[in-house]
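Trainee: My structure is stored as query-v1.cif, with mmCIF, C-alpha atoms and all ligand atoms.
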data_query
#
loop_
_atom_site.label_atom_id
_atom_site.label_comp_id
_atom_site.auth_asym_id
_atom_site.auth_seq_id
_atom_site.Cartn_x
_atom_site.Cartn_y
_atom_site.Cartn_z
CA MET A 1 34.21 13.17 33.07
CA SER A 2 35.59 14.39 29.79
CA ALA A 3 35.40 12.83 26.37
CA ILE A 4 39.18 12.84 26.03
CA GLU A 5 40.34 11.37 29.33
CA SER A 6 39.31 7.94 30.52
CA PRO A 7 36.59 7.81 33.16
CA ALA A 8 37.70 8.16 36.74
CA SER A 9 36.09 4.93 37.76
CA ARG A 10 36.47 2.09 35.32
CA VAL A 11 33.12 0.53 36.10
CA TRP A 12 31.17 3.79 35.81
CA TRP A 13 28.57 2.13 33.53
CA LYS A 14 27.96 -0.72 35.88
CA GLN A 15 25.50 0.97 38.23
CA SER A 16 22.15 -0.32 39.34
CA LEU A 17 19.03 0.73 37.48
CA ASP A 18 17.65 4.05 38.59
CA ARG A 19 13.92 4.05 39.48
CA VAL A 20 13.05 6.75 36.97
CA GLU A 21 14.97 4.94 34.26
CA GLY A 22 13.28 1.65 35.09
CA THR A 23 9.86 3.27 35.04
CA TRP A 24 10.48 4.74 31.60
CA ILE A 25 11.71 1.43 30.27
CA ALA A 26 8.50 -0.19 31.55
CA ILE A 27 6.34 2.54 30.03
CA ALA A 28 8.13 2.30 26.67
CA PHE A 29 7.85 -1.48 26.67
CA ALA A 30 4.14 -1.40 27.51
CA TRP A 31 3.60 1.11 24.71
CA CYS A 32 5.47 -1.17 22.28
CA LEU A 33 3.09 -3.98 23.19
CA VAL A 34 0.05 -1.73 22.69
CA LEU A 35 1.28 -0.73 19.22
CA PHE A 36 2.12 -4.33 18.37
CA PHE A 37 -1.36 -5.60 19.24
CA MET A 38 -2.96 -2.64 17.46
CA MET A 39 -1.76 -4.18 14.17
CA PRO A 40 -3.93 -7.33 14.30
CA TYR A 41 -6.72 -5.39 16.05
CA TRP A 42 -6.77 -2.78 13.32
CA HIS A 43 -6.76 -5.43 10.64
CA VAL A 44 -9.91 -7.03 12.06
CA TYR A 45 -11.85 -3.95 13.25
CA GLY A 46 -10.26 -0.98 11.47
CA LYS A 47 -11.56 -1.70 7.96
CA GLN A 48 -8.40 -0.17 6.51
CA ASN A 49 -5.61 -2.71 6.75
CA LEU A 50 -7.15 -5.09 4.23
CA SER A 51 -6.45 -8.78 3.81
CA ASN A 52 -3.73 -9.24 1.26
CA GLU A 53 -1.72 -11.96 -0.40
CA ALA A 54 1.51 -11.74 -2.38
CA TYR A 55 2.89 -13.89 -5.18
CA ARG A 56 6.05 -13.75 -7.24
CA THR A 57 5.65 -12.52 -10.77
CA THR A 58 7.57 -10.78 -13.57
CA PRO A 59 6.71 -7.49 -15.31
CA GLU A 60 6.10 -9.46 -18.55
CA ARG A 61 3.67 -11.95 -17.02
CA TYR A 62 1.85 -9.30 -15.06
CA THR A 63 1.57 -6.96 -18.07
CA GLN A 64 0.09 -9.79 -20.11
CA LYS A 65 -2.66 -10.44 -17.55
CA THR A 66 -3.43 -6.73 -17.26
CA GLN A 67 -3.51 -6.34 -21.04
CA GLU A 68 -5.97 -9.24 -21.36
CA MET A 69 -8.33 -7.53 -18.92
CA VAL A 70 -7.93 -4.18 -20.71
CA ASP A 71 -8.65 -5.76 -24.13
CA LYS A 72 -11.83 -7.35 -22.82
CA TYR A 73 -13.38 -4.76 -20.54
CA THR A 74 -12.34 -1.25 -21.59
CA VAL A 75 -15.37 1.06 -21.66
CA ARG A 76 -13.69 4.41 -22.47
CA THR A 77 -10.40 6.26 -22.26
CA GLU A 78 -9.48 9.27 -20.17
CA THR A 79 -6.91 12.11 -20.14
CA GLU A 80 -4.74 13.09 -23.08
CA LEU A 81 -2.72 9.92 -22.47
CA LYS A 82 -5.80 7.88 -23.45
CA ILE A 83 -5.65 5.72 -20.34
CA PRO A 84 -8.25 2.96 -20.64
CA VAL A 85 -11.01 2.78 -18.06
CA VAL A 86 -11.96 -0.84 -17.47
CA HIS A 87 -15.22 -2.11 -16.05
CA PRO A 88 -14.55 -5.78 -15.29
CA PRO A 89 -17.35 -8.17 -14.23
CA ALA A 90 -18.51 -7.75 -10.64
CA GLY A 91 -16.52 -9.88 -8.24
CA SER A 92 -13.65 -10.63 -10.61
CA ASP A 93 -9.88 -10.27 -10.45
CA VAL A 94 -8.75 -6.82 -11.53
CA TYR A 95 -5.21 -5.71 -12.36
CA LEU A 96 -3.45 -2.43 -11.82
CA ILE A 97 0.05 -1.60 -13.02
CA ALA A 98 2.29 0.87 -11.18
CA ARG A 99 5.15 2.29 -13.24
CA LEU A 100 7.14 5.48 -13.70
CA TRP A 101 4.98 7.62 -13.32
CA GLN A 102 1.57 6.24 -13.92
CA TRP A 103 -1.16 3.90 -12.70
CA TRP A 104 -2.52 1.88 -15.59
CA PRO A 105 -5.36 1.28 -16.42
CA MET A 106 -8.16 3.04 -14.49
CA LEU A 107 -10.62 0.80 -12.72
CA GLU A 108 -14.37 1.14 -12.55
CA LEU A 109 -15.89 -1.12 -9.89
CA GLU A 110 -19.44 -1.73 -8.75
CA GLU A 111 -20.66 -0.71 -5.32
CA GLY A 112 -21.17 -3.58 -2.89
CA LYS A 113 -19.24 -6.18 -4.93
CA THR A 114 -16.04 -7.79 -3.73
CA TYR A 115 -13.01 -7.68 -6.02
CA ARG A 116 -9.55 -9.10 -5.87
CA VAL A 117 -7.41 -6.12 -6.78
CA HIS A 118 -3.95 -7.13 -8.07
CA LEU A 119 -1.07 -4.67 -7.85
CA SER A 120 2.45 -4.88 -9.21
CA SER A 121 5.24 -2.52 -10.14
CA MET A 122 7.07 -2.56 -13.46
CA ASP A 123 10.20 -0.83 -12.18
CA TRP A 124 10.69 -0.01 -8.52
CA LEU A 125 8.83 0.70 -5.32
CA HIS A 126 5.57 2.61 -5.54
CA GLY A 127 2.84 3.10 -2.96
CA PHE A 128 -0.84 2.55 -3.66
CA SER A 129 -2.77 5.07 -1.62
CA LEU A 130 -6.53 5.30 -2.04
CA GLN A 131 -7.98 8.67 -1.07
CA PRO A 132 -9.96 9.68 0.88
CA GLU A 133 -10.23 6.12 2.26
CA ASN A 134 -6.66 6.03 3.56
CA ILE A 135 -5.94 2.53 2.22
CA ASN A 136 -2.20 2.04 1.74
CA VAL A 137 -0.37 -0.83 0.06
CA GLU A 138 3.29 -0.91 -0.92
CA VAL A 139 3.70 -2.02 -4.52
CA HIS A 140 6.94 -3.89 -5.17
CA PRO A 141 8.44 -4.98 -8.46
CA GLY A 142 8.56 -8.77 -8.89
CA TYR A 143 5.58 -9.31 -6.59
CA GLU A 144 1.89 -9.45 -7.29
CA HIS A 145 -0.06 -8.12 -4.33
CA VAL A 146 -3.69 -9.13 -4.14
CA VAL A 147 -5.96 -7.03 -1.97
CA THR A 148 -9.57 -8.06 -1.37
CA MET A 149 -11.71 -4.95 -1.57
CA THR A 150 -15.43 -4.23 -1.34
CA PRO A 151 -16.27 -0.65 -2.31
CA THR A 152 -19.15 0.49 -0.13
CA LYS A 153 -19.85 3.94 -1.57
CA ALA A 154 -20.19 5.08 -5.18
CA GLY A 155 -17.98 7.95 -6.32
CA ALA A 156 -14.66 8.92 -7.82
CA TYR A 157 -11.68 8.07 -5.64
CA SER A 158 -8.10 9.18 -6.10
CA ILE A 159 -5.11 6.90 -6.26
CA ILE A 160 -1.83 8.57 -5.45
CA CYS A 161 1.68 7.20 -5.11
CA ASN A 162 2.93 7.52 -1.56
CA GLU A 163 6.44 6.14 -1.95
CA TYR A 164 8.94 8.58 -3.38
CA CYS A 165 9.79 7.18 -6.82
CA GLY A 166 11.70 9.89 -8.61
CA ILE A 167 11.37 13.25 -10.29
CA ASN A 168 7.72 12.85 -11.32
CA HIS A 169 6.50 11.07 -8.18
CA HIS A 170 4.05 13.91 -7.52
CA THR A 171 2.35 13.38 -10.90
CA MET A 172 1.68 9.69 -10.27
CA ALA A 173 -2.02 10.04 -9.60
CA SER A 174 -5.07 8.33 -11.01
CA LYS A 175 -8.73 7.64 -10.41
CA LEU A 176 -10.78 4.71 -9.22
CA TYR A 177 -14.45 4.84 -10.01
CA VAL A 178 -17.16 3.12 -7.99
CA VAL A 179 -20.53 3.02 -9.67
CA LYS A 180 -23.97 1.77 -8.69
CA GLN A 181 -25.14 -1.23 -10.69
CU1 LIG B 1 5.38 6.07 -7.77
CU2 LIG B 1 5.95 7.71 -6.14
#
Mind converting the file's structure to structure tokens?
Mentor:
Amino acid sequence: MSAIESPASRVWWKQSLDRVEGTWIAIAFAWCLVLFFMMPYWHVYGKQNLSNEAYRTTPERYTQKTQEMVDKYTVRTETELKIPVVHPPAGSDVYLIARLWQWWPMLELEEGKTYRVHLSSMDWLHGFSLQPENINVEVHPGYEHVVTMTPTKAGAYSIICNEYCGINHHTMASKLYVVKQ
């Protein structure tokens, strides 16, 4: 058969399923099902795909809520950009802004307490990636994502952006502190 001339037999595609082909289709389909059911399984037992909710918001409304928290609970500033580090009450709602090319403010949480961590973007898509815990949440503009998080180990964690967001994507890194009470 050539790509230029028409096929010799007009119904060349209408042949019965070969055994090898059928086997591979079955294997691929079974694997699809395994991966599909891994999603809910991993949510319940994996401790990484956290429970999350999403609400509509605007950059203005979200900034206002974040600013209120920053005004109340800032304990110090860090880096030459003077990024506030906030230590909100244990168990409260905490807000984190993603924007070109910064996470703002920095959060300081207490070990063993459960927080509702709110995330929203001021411009376009960013990715919240908590290292070395491997927690990943896409951060969309216009949406407020709420992730319920209980830090189990004190230390300094890194937040990096894992969605390519422009020329300074690689500099979009921050810290998340977990402290003992
Ligand atoms: Cu923000 Cu990449």
Trainee: Using only C-alpha atoms, which residues sit within 7 Å of stretch 107-124 of chain A once same-chain residues fewer than 4 positions away are excluded, as a PyMOL selection string?
Mentor: chain A and resi 59+85-87+90-99+139-141+143-154+176-181
Trainee: Report, in Å with one decimal, the straight-line distance from atom CA of A:Ala54 to atom CA of A:Gly142.
Mentor: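 Taking atom CA of A:Ala54 and atom CA of A:Gly142, their separation equals 10.0 Å.
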Trainee: 8 Å from ligand LIG 1 (chain B) is the threshold here; counting only C-alpha atoms and all ligand atoms, which polymer residues fall inside it? Answer as an mmCIF file with C-alpha atoms, keeping the file's coordinate frame.
Mentor:
data_model
loop_
_atom_site.group_PDB
_atom_site.id
_atom_site.type_symbol
_atom_site.label_atom_id
_atom_site.label_comp_id
_atom_site.auth_asym_id
_atom_site.auth_seq_id
_atom_site.Cartn_x
_atom_site.Cartn_y
_atom_site.Cartn_z
ATOM 1 C CA ALA A 98 2.290 0.870 -11.180
ATOM 2 C CA ARG A 99 5.150 2.290 -13.240
ATOM 3 C CA LEU A 100 7.140 5.480 -13.700
ATOM 4 C CA TRP A 101 4.980 7.620 -13.320
ATOM 5 C CA GLN A 102 1.570 6.240 -13.920
ATOM 6 C CA LEU A 125 8.830 0.700 -5.320
ATOM 7 C CA HIS A 126 5.570 2.610 -5.540
ATOM 8 C CA GLY A 127 2.840 3.100 -2.960
ATOM 9 C CA ILE A 160 -1.830 8.570 -5.450
ATOM 10 C CA CYS A 161 1.680 7.200 -5.110
ATOM 11 C CA ASN A 162 2.930 7.520 -1.560
ATOM 12 C CA GLU A 163 6.440 6.140 -1.950
ATOM 13 C CA TYR A 164 8.940 8.580 -3.380
ATOM 14 C CA CYS A 165 9.790 7.180 -6.820
ATOM 15 C CA GLY A 166 11.700 9.890 -8.610
ATOM 16 C CA ASN A 168 7.720 12.850 -11.320
ATOM 17 C CA HIS A 169 6.500 11.070 -8.180
ATOM 18 C CA HIS A 170 4.050 13.910 -7.520
ATOM 19 C CA MET A 172 1.680 9.690 -10.270
#
Trainee: Go through A:Pro7, A:Ile159, A:Val34, A:Pro105 one by one, measure the shortest atom-to-atom distance of each to A:Glu68 using all atoms listed in the file, and give the residue with the smallest value.
Mentor: A:Pro105
Trainee: Measuring between all atoms listed in the file, which one of A:Ile4, A:Leu35, A:Leu50, A:Met106 shows the shortest distance to A:Thr74?
Mentor: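 Closest residue, counting all atoms listed in the file: A:Met106.
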Trainee: Between atom CA of A:Pro88 and atom CA of A:Ala173, measure the distance and give it in Å to one decimal.
Mentor: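 Interatomic distance, atom CA of A:Pro88 to atom CA of A:Ala173: 21.0 Å.
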Trainee: With all atoms listed in the file counted, which protein, DNA or RNA residues have an atom no more than 7 Å from (-4.5, -2.2, -20.0) in the file frame? Please answer as a PyMOL selection string.
Mentor: chain A and resi 66-67+69-71+84+104-105
Trainee: Measure the distance from atom CA of A:Met39 to atom CA of A:Trp103 in Å and round it to one decimal.
Mentor: 28.1 Å
Trainee: Output stretch 23-102 of chain A from the block with C-alpha atoms, as a tab-separated table (two decimals), in the first residue's frame?
Mentor:
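selection-v5.tsv, written as the output of this step:
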chain	number	residue	atom	x	y	z
A	23	THR	CA	-4.78	-8.23	24.58
A	24	TRP	CA	-3.03	-4.86	24.56
A	25	ILE	CA	-6.32	-3.01	24.55
A	26	ALA	CA	-7.39	-5.05	27.59
A	27	ILE	CA	-4.09	-4.40	29.37
A	28	ALA	CA	-4.25	-0.67	28.64
A	29	PHE	CA	-7.87	-0.49	29.80
A	30	ALA	CA	-7.12	-2.37	33.03
A	31	TRP	CA	-4.21	-0.02	33.68
A	32	CYS	CA	-6.49	3.00	33.11
A	33	LEU	CA	-8.83	1.63	35.77
A	34	VAL	CA	-5.96	1.08	38.20
A	35	LEU	CA	-4.80	4.68	37.74
A	36	PHE	CA	-8.35	5.98	38.03
A	37	PHE	CA	-8.96	4.23	41.36
A	38	MET	CA	-5.53	5.27	42.62
A	39	MET	CA	-6.83	8.87	42.73
A	40	PRO	CA	-9.46	8.33	45.48
A	41	TYR	CA	-7.23	5.73	47.16
A	42	TRP	CA	-4.32	8.14	47.31
A	43	HIS	CA	-6.54	10.88	48.64
A	44	VAL	CA	-7.62	8.72	51.59
A	45	TYR	CA	-4.39	6.83	52.35
A	46	GLY	CA	-1.61	8.78	50.63
A	47	LYS	CA	-1.58	11.81	52.96
A	48	GLN	CA	-0.56	14.00	50.02
A	49	ASN	CA	-3.64	14.75	47.95
A	50	LEU	CA	-5.29	16.87	50.62
A	51	SER	CA	-8.96	17.72	50.96
A	52	ASN	CA	-9.64	20.97	49.19
A	53	GLU	CA	-12.47	23.32	48.40
A	54	ALA	CA	-12.68	26.13	45.86
A	55	TYR	CA	-14.69	29.34	45.82
A	56	ARG	CA	-14.94	32.21	43.37
A	57	THR	CA	-13.19	35.39	44.39
A	58	THR	CA	-11.55	38.49	42.93
A	59	PRO	CA	-7.95	39.69	43.42
A	60	GLU	CA	-9.31	42.74	45.31
A	61	ARG	CA	-11.42	40.75	47.77
A	62	TYR	CA	-8.72	38.17	48.32
A	63	THR	CA	-6.00	40.81	48.83
A	64	GLN	CA	-8.17	42.52	51.42
A	65	LYS	CA	-8.56	39.33	53.47
A	66	THR	CA	-4.84	38.58	53.23
A	67	GLN	CA	-3.96	42.14	54.21
A	68	GLU	CA	-6.20	41.93	57.29
A	69	MET	CA	-4.38	38.81	58.44
A	70	VAL	CA	-0.98	40.41	57.75
A	71	ASP	CA	-1.92	43.57	59.70
A	72	LYS	CA	-2.96	41.51	62.70
A	73	TYR	CA	-0.43	38.71	62.93
A	74	THR	CA	2.90	39.79	61.41
A	75	VAL	CA	5.77	38.83	63.71
A	76	ARG	CA	8.78	39.86	61.57
A	77	THR	CA	9.85	40.48	57.99
A	78	GLU	CA	12.31	38.54	55.86
A	79	THR	CA	14.52	39.06	52.78
A	80	GLU	CA	15.40	42.43	51.30
A	81	LEU	CA	11.83	42.64	50.00
A	82	LYS	CA	10.62	42.83	53.62
A	83	ILE	CA	8.09	40.05	53.17
A	84	PRO	CA	6.00	39.77	56.34
A	85	VAL	CA	6.06	36.53	58.27
A	86	VAL	CA	2.67	35.93	59.87
A	87	HIS	CA	1.93	33.72	62.83
A	88	PRO	CA	-1.86	33.43	62.88
A	89	PRO	CA	-3.73	31.77	65.77
A	90	ALA	CA	-3.56	27.98	65.81
A	91	GLY	CA	-6.35	26.41	63.83
A	92	SER	CA	-7.37	29.55	61.94
A	93	ASP	CA	-7.82	30.45	58.30
A	94	VAL	CA	-4.57	31.58	56.70
A	95	TYR	CA	-4.13	33.32	53.35
A	96	LEU	CA	-1.38	33.08	50.79
A	97	ILE	CA	-1.16	35.19	47.63
A	98	ALA	CA	0.53	33.91	44.48
A	99	ARG	CA	1.58	36.60	42.00
A	100	LEU	CA	4.33	37.40	39.52
A	101	TRP	CA	6.80	36.27	40.93
A	102	GLN	CA	6.25	35.96	44.60
